[in-house]
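Taking it in order: structure first as structure tokens, then the write-up.
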Amino acid sequence: MNQNTISRIRKFTEDRDWDQFHSPANLAKSIVIEAAELLECFQWSDEQYNLQHIKEELADVLVYSQNLLDKLDLDADEIVNMKMSQNEAKYPIEKAKGKSAKYDKL
């Protein structure tokens, strides 16, 4: 996310004095709730869905994720790259390419 978007999310929260409700646990719960609403977009069909509704629910997941990053003083790029390094070690190309198996089943 670019810095302007992150600043907009932060201002939205600050203007409404909602940080008081943003404990790490509450934000994690909110991410899961919004992710479930995203999944609901595909509840009855994998092919027929409302793209606008998907965008809205995915945006909610991202906003709550940014709020959690802020609350825990984490950097998105840093933690994503850390996890990608772990994933690259767990799923080497020569074992994982074209396969959907979990790393311990490769």
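Lettering and numbering for the structure tokens are positional, with chains as A, B, ... in the shown order, residues counted from 1 in each chain, and ligands counted from 1 in the shown order.
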| message | So that I can see what lies close to stretch 46-61 of chain A, please list as a VMD selection string the residues with an atom at most 12 Å from it, counting only C-alpha atoms and leaving out residues fewer than 4 positions away in the same chain. | response | chain A and resid 1 5 9 27 to 42 65 to 68
Print the selection's residues with N, CA and C atoms to a file, as a PDB file, in the first residue's frame.
```pdb
ATOM      1  N   MET A   1       0.842  -1.172   0.000  1.00  0.00           N
ATOM      2  CA  MET A   1       0.000   0.000   0.000  1.00  0.00           C
ATOM      3  C   MET A   1       0.888   1.236   0.000  1.00  0.00           C
ATOM      4  N   THR A   5      -2.315   6.124   1.061  1.00  0.00           N
ATOM      5  CA  THR A   5      -3.416   5.259   1.487  1.00  0.00           C
ATOM      6  C   THR A   5      -3.285   4.925   2.969  1.00  0.00           C
ATOM      7  N   ILE A   9      -5.990   5.837   5.996  1.00  0.00           N
ATOM      8  CA  ILE A   9      -6.534   4.862   6.958  1.00  0.00           C
ATOM      9  C   ILE A   9      -6.305   5.364   8.378  1.00  0.00           C
ATOM     10  N   LEU A  27      -8.651  -6.375  16.516  1.00  0.00           N
ATOM     11  CA  LEU A  27      -8.305  -6.222  15.099  1.00  0.00           C
ATOM     12  C   LEU A  27      -8.172  -7.578  14.420  1.00  0.00           C
ATOM     13  N   ALA A  28      -7.568  -8.546  15.102  1.00  0.00           N
ATOM     14  CA  ALA A  28      -7.454  -9.889  14.527  1.00  0.00           C
ATOM     15  C   ALA A  28      -8.842 -10.495  14.308  1.00  0.00           C
ATOM     16  N   LYS A  29      -9.732 -10.305  15.263  1.00  0.00           N
ATOM     17  CA  LYS A  29     -11.110 -10.789  15.102  1.00  0.00           C
ATOM     18  C   LYS A  29     -11.776 -10.117  13.909  1.00  0.00           C
ATOM     19  N   SER A  30     -11.572  -8.812  13.787  1.00  0.00           N
ATOM     20  CA  SER A  30     -12.185  -8.070  12.684  1.00  0.00           C
ATOM     21  C   SER A  30     -11.662  -8.546  11.338  1.00  0.00           C
ATOM     22  N   ILE A  31     -10.375  -8.862  11.260  1.00  0.00           N
ATOM     23  CA  ILE A  31      -9.804  -9.388  10.012  1.00  0.00           C
ATOM     24  C   ILE A  31     -10.497 -10.694   9.636  1.00  0.00           C
ATOM     25  N   VAL A  32     -10.667 -11.573  10.599  1.00  0.00           N
ATOM     26  CA  VAL A  32     -11.314 -12.861  10.329  1.00  0.00           C
ATOM     27  C   VAL A  32     -12.773 -12.667   9.920  1.00  0.00           C
ATOM     28  N   ILE A  33     -13.464 -11.773  10.583  1.00  0.00           N
ATOM     29  CA  ILE A  33     -14.864 -11.503  10.245  1.00  0.00           C
ATOM     30  C   ILE A  33     -14.970 -10.980   8.816  1.00  0.00           C
ATOM     31  N   GLU A  34     -14.116 -10.024   8.468  1.00  0.00           N
ATOM     32  CA  GLU A  34     -14.151  -9.464   7.110  1.00  0.00           C
ATOM     33  C   GLU A  34     -13.709 -10.497   6.074  1.00  0.00           C
ATOM     34  N   ALA A  35     -12.760 -11.357   6.427  1.00  0.00           N
ATOM     35  CA  ALA A  35     -12.342 -12.419   5.512  1.00  0.00           C
ATOM     36  C   ALA A  35     -13.497 -13.395   5.267  1.00  0.00           C
ATOM     37  N   ALA A  36     -14.284 -13.650   6.299  1.00  0.00           N
ATOM     38  CA  ALA A  36     -15.462 -14.510   6.130  1.00  0.00           C
ATOM     39  C   ALA A  36     -16.480 -13.843   5.203  1.00  0.00           C
ATOM     40  N   GLU A  37     -16.629 -12.530   5.318  1.00  0.00           N
ATOM     41  CA  GLU A  37     -17.533 -11.818   4.419  1.00  0.00           C
ATOM     42  C   GLU A  37     -17.007 -11.856   2.983  1.00  0.00           C
ATOM     43  N   LEU A  38     -15.702 -11.816   2.818  1.00  0.00           N
ATOM     44  CA  LEU A  38     -15.094 -11.969   1.491  1.00  0.00           C
ATOM     45  C   LEU A  38     -15.400 -13.367   0.942  1.00  0.00           C
ATOM     46  N   LEU A  39     -15.228 -14.372   1.756  1.00  0.00           N
ATOM     47  CA  LEU A  39     -15.518 -15.742   1.335  1.00  0.00           C
ATOM     48  C   LEU A  39     -16.987 -15.915   0.969  1.00  0.00           C
ATOM     49  N   GLU A  40     -17.848 -15.201   1.658  1.00  0.00           N
ATOM     50  CA  GLU A  40     -19.279 -15.283   1.381  1.00  0.00           C
ATOM     51  C   GLU A  40     -19.603 -14.869  -0.060  1.00  0.00           C
ATOM     52  N   CYS A  41     -18.753 -14.022  -0.632  1.00  0.00           N
ATOM     53  CA  CYS A  41     -18.955 -13.605  -2.028  1.00  0.00           C
ATOM     54  C   CYS A  41     -18.922 -14.795  -2.987  1.00  0.00           C
ATOM     55  N   PHE A  42     -18.296 -15.877  -2.571  1.00  0.00           N
ATOM     56  CA  PHE A  42     -18.146 -17.069  -3.408  1.00  0.00           C
ATOM     57  C   PHE A  42     -18.959 -18.244  -2.868  1.00  0.00           C
ATOM     58  N   SER A  65      -6.005  -4.977   8.519  1.00  0.00           N
ATOM     59  CA  SER A  65      -4.624  -5.467   8.569  1.00  0.00           C
ATOM     60  C   SER A  65      -3.654  -4.312   8.790  1.00  0.00           C
ATOM     61  N   GLN A  66      -3.876  -3.194   8.106  1.00  0.00           N
ATOM     62  CA  GLN A  66      -3.021  -2.030   8.311  1.00  0.00           C
ATOM     63  C   GLN A  66      -3.152  -1.502   9.737  1.00  0.00           C
ATOM     64  N   ASN A  67      -4.370  -1.511  10.262  1.00  0.00           N
ATOM     65  CA  ASN A  67      -4.560  -1.081  11.654  1.00  0.00           C
ATOM     66  C   ASN A  67      -3.787  -1.978  12.618  1.00  0.00           C
ATOM     67  N   LEU A  68      -3.774  -3.280  12.342  1.00  0.00           N
ATOM     68  CA  LEU A  68      -3.032  -4.206  13.208  1.00  0.00           C
ATOM     69  C   LEU A  68      -1.524  -3.992  13.067  1.00  0.00           C
TER      70      LEU A  68
END
```
| chain A: which residues are alpha helix (DSSP H) by DSSP, as an MDAnalysis selection string? | chainID A and resid 3:15 24:40 51:71 76:90 93:96
Can I get the selection written as a PDB file, in the first residue's frame, with C-alpha atoms?
```pdb
ATOM      1  CA  GLN A   3       1.938   5.984   2.009  1.00  0.00           C
ATOM      2  CA  ASN A   4      -1.031   8.169   1.030  1.00  0.00           C
ATOM      3  CA  THR A   5      -3.416   5.259   1.487  1.00  0.00           C
ATOM      4  CA  ILE A   6      -1.859   4.305   4.817  1.00  0.00           C
ATOM      5  CA  SER A   7      -2.130   7.916   6.001  1.00  0.00           C
ATOM      6  CA  ARG A   8      -5.778   8.014   4.949  1.00  0.00           C
ATOM      7  CA  ILE A   9      -6.534   4.862   6.958  1.00  0.00           C
ATOM      8  CA  ARG A  10      -4.768   6.309   9.998  1.00  0.00           C
ATOM      9  CA  LYS A  11      -6.604   9.645   9.709  1.00  0.00           C
ATOM     10  CA  PHE A  12      -9.959   7.879   9.370  1.00  0.00           C
ATOM     11  CA  THR A  13      -9.294   6.004  12.622  1.00  0.00           C
ATOM     12  CA  GLU A  14      -7.900   9.045  14.449  1.00  0.00           C
ATOM     13  CA  ASP A  15     -10.750  11.357  13.384  1.00  0.00           C
ATOM     14  CA  PRO A  24      -4.592  -6.507  18.690  1.00  0.00           C
ATOM     15  CA  ALA A  25      -7.193  -9.153  19.559  1.00  0.00           C
ATOM     16  CA  ASN A  26     -10.110  -7.000  18.346  1.00  0.00           C
ATOM     17  CA  LEU A  27      -8.305  -6.222  15.099  1.00  0.00           C
ATOM     18  CA  ALA A  28      -7.454  -9.889  14.527  1.00  0.00           C
ATOM     19  CA  LYS A  29     -11.110 -10.789  15.102  1.00  0.00           C
ATOM     20  CA  SER A  30     -12.185  -8.070  12.684  1.00  0.00           C
ATOM     21  CA  ILE A  31      -9.804  -9.388  10.012  1.00  0.00           C
ATOM     22  CA  VAL A  32     -11.314 -12.861  10.329  1.00  0.00           C
ATOM     23  CA  ILE A  33     -14.864 -11.503  10.245  1.00  0.00           C
ATOM     24  CA  GLU A  34     -14.151  -9.464   7.110  1.00  0.00           C
ATOM     25  CA  ALA A  35     -12.342 -12.419   5.512  1.00  0.00           C
ATOM     26  CA  ALA A  36     -15.462 -14.510   6.130  1.00  0.00           C
ATOM     27  CA  GLU A  37     -17.533 -11.818   4.419  1.00  0.00           C
ATOM     28  CA  LEU A  38     -15.094 -11.969   1.491  1.00  0.00           C
ATOM     29  CA  LEU A  39     -15.518 -15.742   1.335  1.00  0.00           C
ATOM     30  CA  GLU A  40     -19.279 -15.283   1.381  1.00  0.00           C
ATOM     31  CA  LEU A  51     -16.561  -7.982  -8.230  1.00  0.00           C
ATOM     32  CA  GLN A  52     -17.546  -4.721  -6.528  1.00  0.00           C
ATOM     33  CA  HIS A  53     -18.604  -6.596  -3.400  1.00  0.00           C
ATOM     34  CA  ILE A  54     -15.320  -8.542  -3.451  1.00  0.00           C
ATOM     35  CA  LYS A  55     -13.382  -5.264  -3.686  1.00  0.00           C
ATOM     36  CA  GLU A  56     -15.252  -3.847  -0.700  1.00  0.00           C
ATOM     37  CA  GLU A  57     -14.698  -6.887   1.501  1.00  0.00           C
ATOM     38  CA  LEU A  58     -11.053  -7.258   0.482  1.00  0.00           C
ATOM     39  CA  ALA A  59     -10.537  -3.557   1.254  1.00  0.00           C
ATOM     40  CA  ASP A  60     -11.987  -4.128   4.738  1.00  0.00           C
ATOM     41  CA  VAL A  61      -9.484  -6.949   5.307  1.00  0.00           C
ATOM     42  CA  LEU A  62      -6.635  -4.706   4.163  1.00  0.00           C
ATOM     43  CA  VAL A  63      -7.736  -1.746   6.306  1.00  0.00           C
ATOM     44  CA  TYR A  64      -7.968  -3.875   9.442  1.00  0.00           C
ATOM     45  CA  SER A  65      -4.624  -5.467   8.569  1.00  0.00           C
ATOM     46  CA  GLN A  66      -3.021  -2.030   8.311  1.00  0.00           C
ATOM     47  CA  ASN A  67      -4.560  -1.081  11.654  1.00  0.00           C
ATOM     48  CA  LEU A  68      -3.032  -4.206  13.208  1.00  0.00           C
ATOM     49  CA  LEU A  69       0.343  -3.425  11.661  1.00  0.00           C
ATOM     50  CA  ASP A  70       0.158   0.035  13.238  1.00  0.00           C
ATOM     51  CA  LYS A  71      -0.989  -1.268  16.610  1.00  0.00           C
ATOM     52  CA  ALA A  76       4.270  -4.828   6.078  1.00  0.00           C
ATOM     53  CA  ASP A  77       7.214  -5.170   3.677  1.00  0.00           C
ATOM     54  CA  GLU A  78       9.449  -6.530   6.416  1.00  0.00           C
ATOM     55  CA  ILE A  79       7.045  -9.197   7.636  1.00  0.00           C
ATOM     56  CA  VAL A  80       5.924 -10.221   4.138  1.00  0.00           C
ATOM     57  CA  ASN A  81       9.531 -10.647   3.024  1.00  0.00           C
ATOM     58  CA  MET A  82      10.314 -12.601   6.197  1.00  0.00           C
ATOM     59  CA  LYS A  83       7.398 -14.946   5.471  1.00  0.00           C
ATOM     60  CA  MET A  84       8.312 -15.247   1.782  1.00  0.00           C
ATOM     61  CA  SER A  85      11.823 -16.360   2.793  1.00  0.00           C
ATOM     62  CA  GLN A  86      10.281 -19.000   5.051  1.00  0.00           C
ATOM     63  CA  ASN A  87       7.915 -20.120   2.271  1.00  0.00           C
ATOM     64  CA  GLU A  88      10.734 -20.324  -0.276  1.00  0.00           C
ATOM     65  CA  ALA A  89      12.637 -22.617   2.098  1.00  0.00           C
ATOM     66  CA  LYS A  90       9.554 -24.784   2.784  1.00  0.00           C
ATOM     67  CA  ILE A  93      10.711 -24.970  -6.732  1.00  0.00           C
ATOM     68  CA  GLU A  94      12.082 -28.411  -7.578  1.00  0.00           C
ATOM     69  CA  LYS A  95       9.692 -30.049  -5.084  1.00  0.00           C
ATOM     70  CA  ALA A  96       6.665 -27.748  -5.153  1.00  0.00           C
TER      71      ALA A  96
END
```
